[in-house]
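Undergrad: Provided herewith: model.txt, compact mmCIF, C-alpha atoms.
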```txt
# COMPACT_ATOMS: atom_id res chain seq x y z
CA MET A 1 -111.63 -1.57 249.05
CA ASP A 2 -112.57 1.49 251.01
CA LYS A 3 -114.97 0.53 253.77
CA HIS A 4 -115.18 3.71 255.75
CA LEU A 5 -118.03 6.19 255.53
CA LYS A 6 -118.29 9.77 256.72
CA VAL A 7 -121.77 11.00 257.59
CA GLY A 8 -122.55 14.63 258.35
CA ILE A 9 -125.49 15.11 260.71
CA ILE A 10 -127.18 18.46 260.19
CA GLY A 11 -128.41 19.54 263.58
CA ASP A 12 -127.64 21.05 266.96
CA PHE A 13 -126.62 18.05 269.05
CA ASP A 14 -128.51 18.23 272.32
CA PRO A 15 -129.28 14.82 273.83
CA LYS A 16 -130.77 16.41 276.96
CA THR A 17 -133.51 18.06 274.91
CA PHE A 18 -133.80 15.53 272.07
CA PHE A 19 -133.89 11.92 273.17
CA SER A 20 -133.44 10.78 269.57
CA HIS A 21 -129.98 12.31 269.10
CA ILE A 22 -127.95 9.54 270.69
CA PRO A 23 -130.11 6.84 269.04
CA THR A 24 -129.29 8.52 265.71
CA ASN A 25 -125.59 7.90 266.30
CA GLU A 26 -126.24 4.35 267.44
CA ALA A 27 -128.54 3.55 264.53
CA LEU A 28 -125.80 4.59 262.13
CA ARG A 29 -123.34 2.27 263.85
CA HIS A 30 -125.79 -0.65 263.79
CA ALA A 31 -126.44 -0.18 260.08
CA ALA A 32 -122.74 0.18 259.33
CA ASP A 33 -122.00 -3.04 261.25
CA ALA A 34 -124.61 -4.86 259.18
CA LEU A 35 -122.79 -3.76 256.03
CA SER A 36 -119.35 -4.50 257.52
CA VAL A 37 -118.24 -0.93 257.10
CA SER A 38 -117.11 1.64 259.62
CA VAL A 39 -118.87 4.97 259.94
CA ALA A 40 -117.71 8.26 261.39
CA TYR A 41 -120.44 10.81 262.02
CA THR A 42 -119.97 14.52 262.60
CA TRP A 43 -122.71 16.70 264.01
CA LEU A 44 -122.86 19.97 262.08
CA PRO A 45 -124.29 22.79 264.19
CA THR A 46 -126.75 24.68 262.01
CA LEU A 47 -125.13 28.05 262.75
CA SER A 48 -121.83 26.74 261.41
CA LEU A 49 -123.48 26.09 258.06
CA ILE A 50 -123.89 29.75 257.15
CA GLY A 51 -121.35 32.40 256.37
CA GLN A 52 -118.94 30.34 254.30
CA PRO A 53 -119.11 28.30 251.10
CA ILE A 54 -121.08 25.29 252.19
CA GLU A 55 -119.20 23.08 249.76
CA THR A 56 -116.04 23.46 251.80
CA THR A 57 -117.77 22.15 254.89
CA LEU A 58 -119.81 19.40 253.31
CA LYS A 59 -117.79 17.96 250.43
CA LYS A 60 -115.98 15.45 252.63
CA PHE A 61 -119.18 13.60 253.58
CA ASP A 62 -120.52 10.52 251.87
CA ALA A 63 -124.01 11.17 253.18
CA LEU A 64 -125.93 13.80 255.10
CA TRP A 65 -128.62 13.31 257.75
CA CYS A 66 -130.96 16.07 258.85
CA ALA A 67 -131.60 15.22 262.48
CA PRO A 68 -134.72 15.90 264.50
CA GLY A 69 -134.44 19.12 266.46
CA SER A 70 -136.74 21.72 265.05
CA PRO A 71 -136.64 24.64 265.56
CA TYR A 72 -132.97 24.70 264.65
CA VAL A 73 -130.66 27.46 265.87
CA SER A 74 -130.30 28.40 262.19
CA MET A 75 -133.04 27.24 259.85
CA ASP A 76 -131.09 28.86 257.01
CA GLY A 77 -128.02 26.80 257.86
CA ALA A 78 -130.05 23.60 257.84
CA LEU A 79 -131.77 24.51 254.57
CA GLN A 80 -128.48 25.33 252.88
CA ALA A 81 -127.07 21.94 253.76
CA ILE A 82 -130.24 20.20 252.60
CA ARG A 83 -130.08 22.09 249.33
CA PHE A 84 -126.45 21.00 248.90
CA ALA A 85 -127.51 17.37 249.36
CA ARG A 86 -130.25 17.79 246.80
CA GLU A 87 -128.20 19.60 244.16
CA MET A 88 -125.01 17.58 244.55
CA GLU A 89 -126.93 14.28 244.76
CA VAL A 90 -125.45 13.39 248.13
CA PRO A 91 -127.39 10.55 249.80
CA PHE A 92 -129.71 12.24 252.24
CA ILE A 93 -132.12 11.22 254.95
CA ALA A 94 -134.22 13.44 257.18
CA THR A 95 -136.08 12.01 260.14
CA MET B 1 -143.36 27.44 246.32
CA GLN B 2 -143.06 31.01 247.40
CA ASP B 3 -142.70 31.83 251.08
CA ALA B 4 -143.28 28.30 252.30
CA GLU B 5 -143.19 28.37 256.08
CA HIS B 6 -143.32 26.12 259.14
CA GLU B 7 -146.13 26.72 261.59
CA GLU B 8 -143.83 26.15 264.56
CA THR B 9 -141.60 29.11 263.71
CA ALA B 10 -143.95 31.33 261.69
CA PRO B 11 -147.48 30.53 262.81
CA SER B 12 -149.14 33.49 261.12
CA ALA B 13 -147.45 33.06 257.74
CA PRO B 14 -149.87 32.74 254.81
CA THR B 15 -148.28 29.64 253.26
CA LEU B 16 -147.84 27.04 255.97
CA LEU B 17 -146.26 24.15 254.14
CA ILE B 18 -145.60 22.47 257.46
CA SER B 19 -148.52 22.76 259.82
CA LYS B 20 -149.65 21.47 263.18
CA LEU B 21 -150.93 17.90 263.01
CA SER B 22 -154.60 17.56 263.95
CA CYS B 23 -153.52 14.86 266.41
CA SER B 24 -150.11 15.03 268.03
CA LEU B 25 -147.89 12.10 267.16
CA VAL B 26 -145.69 12.42 270.21
CA GLY B 27 -144.97 8.89 271.43
CA LYS B 28 -147.32 7.33 268.89
CA THR B 29 -146.99 4.39 266.54
CA GLN B 30 -148.55 4.31 263.10
CA THR B 31 -148.84 1.89 260.24
CA ILE B 32 -147.60 3.31 256.97
CA GLU B 33 -148.51 2.22 253.46
CA ILE B 34 -145.55 2.50 251.11
CA THR B 35 -145.70 3.17 247.38
CA PRO B 36 -144.49 0.13 245.41
CA GLY B 37 -141.27 0.76 243.53
CA SER B 38 -140.27 3.70 245.70
CA CYS B 39 -136.91 4.02 247.42
CA ALA B 40 -138.60 3.31 250.75
CA HIS B 41 -140.21 0.18 249.29
CA GLN B 42 -136.86 -1.05 248.06
CA ALA B 43 -135.34 -0.43 251.47
CA TYR B 44 -138.07 -2.10 253.54
CA GLY B 45 -138.95 -4.85 251.08
CA GLN B 46 -142.59 -4.60 252.11
CA LYS B 47 -145.56 -2.31 251.54
CA GLU B 48 -146.75 -1.90 255.09
CA VAL B 49 -144.57 -0.95 258.03
CA THR B 50 -145.09 0.28 261.56
CA GLU B 51 -143.00 3.13 262.89
CA GLN B 52 -142.69 5.36 265.92
CA PHE B 53 -143.30 9.08 265.89
CA HIS B 54 -142.43 11.98 268.10
CA CYS B 55 -143.70 15.12 266.45
CA ASN B 56 -146.46 17.69 266.33
CA TYR B 57 -146.02 19.02 262.81
CA GLY B 58 -146.35 17.54 259.37
CA LEU B 59 -146.91 18.29 255.70
CA ASN B 60 -150.02 20.46 255.50
CA PRO B 61 -152.67 18.31 253.80
CA GLN B 62 -153.76 21.44 251.89
CA PHE B 63 -150.47 21.34 249.98
CA ARG B 64 -150.27 17.60 249.56
CA ASP B 65 -151.21 17.58 245.89
CA THR B 66 -149.10 20.62 245.05
CA VAL B 67 -146.04 18.98 246.57
CA ASP B 68 -146.70 15.61 244.96
CA MET B 69 -146.96 17.20 241.51
CA GLY B 70 -143.38 18.40 241.81
CA GLN B 71 -140.17 16.47 242.29
CA LEU B 72 -140.88 15.63 245.93
CA LYS B 73 -143.04 12.52 245.90
CA ILE B 74 -145.15 11.27 248.77
CA THR B 75 -144.22 7.61 249.03
CA GLY B 76 -145.58 6.67 252.44
CA VAL B 77 -148.94 7.57 253.96
CA ASP B 78 -150.85 6.78 257.11
CA VAL B 79 -154.34 5.29 257.17
CA GLU B 80 -155.81 8.76 256.54
CA GLY B 81 -153.63 9.27 253.47
CA ASP B 82 -151.45 11.92 255.12
CA ALA B 83 -147.81 12.12 254.11
CA ARG B 84 -145.40 10.18 256.29
CA ILE B 85 -142.53 9.57 253.82
CA VAL B 86 -141.42 11.82 250.97
CA GLU B 87 -138.70 11.17 248.41
CA LEU B 88 -137.07 13.24 245.73
CA ALA B 89 -137.38 11.86 242.22
CA ASN B 90 -134.17 11.81 240.17
CA HIS B 91 -131.87 11.60 243.16
CA PRO B 92 -129.91 8.48 244.15
CA PHE B 93 -131.22 8.55 247.74
CA TYR B 94 -133.21 11.40 249.22
CA VAL B 95 -135.80 10.34 251.79
CA ALA B 96 -137.55 12.26 254.54
CA THR B 97 -139.71 10.59 257.17
CA LEU B 98 -142.01 12.04 259.76
CA PHE B 99 -141.21 9.09 262.02
CA LEU B 100 -137.93 8.24 263.72
CA PRO B 101 -136.42 5.05 262.34
CA GLN B 102 -133.55 5.50 264.76
CA ILE B 103 -135.77 4.86 267.78
CA SER B 104 -137.80 1.95 266.48
CA PRO B 105 -137.62 -1.29 268.42
CA ARG B 106 -135.36 -2.55 265.68
CA ALA B 107 -132.56 -0.38 266.97
CA GLU B 108 -130.77 -3.49 268.21
CA ARG B 109 -131.08 -4.81 264.70
CA PRO B 110 -130.28 -2.33 261.98
CA HIS B 111 -133.13 -0.38 260.45
CA PRO B 112 -133.62 -1.24 256.74
CA LEU B 113 -134.03 2.39 255.72
CA ILE B 114 -130.75 3.35 257.38
CA VAL B 115 -128.99 0.36 255.84
CA ALA B 116 -130.26 1.41 252.41
CA TYR B 117 -129.09 4.95 253.13
CA LEU B 118 -125.57 3.74 253.94
CA ARG B 119 -125.54 1.52 250.85
CA ALA B 120 -126.27 4.66 248.84
CA ALA B 121 -123.45 6.40 250.71
CA LEU B 122 -121.06 3.60 249.74
CA ALA B 123 -122.04 3.96 246.08
CA TYR B 124 -121.63 7.73 246.28
CA HIS B 125 -118.24 7.36 247.94
CA ALA B 126 -117.09 4.97 245.21
CA SER B 127 -118.28 7.29 242.44
CA GLN B 128 -116.52 10.26 244.03
CA ARG B 129 -113.26 8.30 244.24
CA ASN B 130 -113.58 7.21 240.61
CA ALA B 131 -114.13 10.81 239.57
CA GLU B 132 -111.03 11.88 241.50
CA ASN B 133 -108.89 9.13 239.98
CA GLU B 134 -109.90 10.19 236.52
CA ARG B 135 -108.68 13.74 237.01
```
Written as structure tokens, that's how I'd like the structure from this file.

TA:
Amino acid sequence: MDKHLKVGIIGDFDPKTFFSHIPTNEALRHAADALSVSVAYTWLPTLSLIGQPIETTLKKFDALWCAPGSPYVSMDGALQAIRFAREMEVPFIAT
Amino acid sequence: MQDAEHEETAPSAPTLLISKLSCSLVGKTQTIEITPGSCAHQAYGQKEVTEQFHCNYGLNPQFRDTVDMGQLKITGVDVEGDARIVELANHPFYVATLFLPQISPRAERPHPLIVAYLRAALAYHASQRNAENER
């Protein structure tokens, strides 16, 4: 059985500015451990989410997380990814 | 909702869906009442939880009813009735919180909302694989 998850984190990773960024990664690992699965997370810079078909970038993820970090470098990028999660019914959490 | 804006980035916009909280929640803890039967309720297994916040903006109370009439449901509120958790109806798992579950004291033990989120991810992953195998 496949026990490996890929999570895409929508946000501009910046632990110096946002103290919650590293805890986001850790919280995912703790939750994955509790379920006896492994998790690989990828931070998706918001600027990278515009200018190409978003499906190409996001289809490999089993879940998407919109991280704290407003205002994002690209609000449009963040919104496009969120819309993808909504329309494609990808499990989504925003904190 | 046309032209919905965030007060942080467009403070003079006419439709401020996200507006400045009357009291900053930076470094604050709040008790949240959760709607029975909601995704959050299923995740937590209880109707009242305490969470940590670190923000200055939230859902503008003016638009609370407008939002709740649509697909986005308010499923967690603070003692004043202000939105703290919203969920999308008709979606396997779509939850947004004003608080930060990732920083709660339960970080050493996994957070139930994040566990529920990953369970949903597992189900999604399985369904995607099944769909691929059928092609």

Undergrad: Quick one: which residues from chain B are at most 9 Å off chain A, using only C-alpha atoms, as a ChimeraX atom specification?

TA: /B:8-9,88,90-103,107-112,114-126,128

Undergrad: How many Å lie between CA of Thr31 in chain B and CA of Ser104 in chain B, rounded to one decimal?

TA: 12.7 Å

Undergrad: Could you jot down the CA of Leu58 in chain A to CA of Gln80 in chain A separation for me, Å, one decimal place?

TA: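 Computing the Euclidean distance for CA of Leu58 in chain A and CA of Gln80 in chain A yields 10.5 Å.
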
Undergrad: Give, as JSON, the centre coordinates and the x, y and z edge lengths in Å to one decimal for an axis-aligned box around all listed atoms of range 67-80 of chain A, padded by 5 Å on each side.

TA:
```
{"center_x": -132.4, "center_y": 22.0, "center_z": 259.7, "size_x": 18.7, "size_y": 23.6, "size_z": 23.6}
```

Undergrad: Around the point (-124.8, 23.9, 264.5) in the file's coordinates, collect all residues with an atom within 12 Å, using only C-alpha atoms, and return them as an MDAnalysis selection string.

TA: chainID A and resid 8:14 42:50 66:67 69 71:78 81

Undergrad: What's the separation between CA of Gln30 in chain B and CA of Asp78 in chain B, in Å to one decimal place?

TA: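 If I compute the distance from CA of Gln30 in chain B to CA of Asp78 in chain B, I get 6.9 Å.
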
Undergrad: Which polymer residues, protein or nucleic acid, are no farther than 12 Å from (-157.1, 8.2, 255.8), counting only C-alpha atoms, as an MDAnalysis selection string?

TA: chainID B and resid 30:33 61 77:84

Undergrad: Near Ser24 in chain B, counting all atoms listed in the file, which residues have an atom at most 12 Å away, once you skip same-chain residues fewer than 6 positions from it, shown as a list of chain:residue names?

TA: B:Gln30, B:Phe53, B:His54, B:Cys55, B:Asn56, B:Tyr57, B:Gly58, B:Leu98

Undergrad: Out of B:Ile34, B:Leu113, B:Leu59, B:Met1, which residue has the shortest atom-to-atom distance to Lys20 in chain B when counting all atoms listed in the file?

TA: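 Ranking B:Ile34, B:Leu113, B:Leu59, B:Met1 by distance to Lys20 in chain B, first place goes to B:Leu59.
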
Undergrad: Out of B:Leu25, B:Met69, B:Gly76, B:Glu5, which residue has the shortest atom-to-atom distance to Ala40 in chain B when counting all atoms listed in the file?

TA: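 Closest to Ala40 in chain B, using all atoms listed in the file: B:Gly76.
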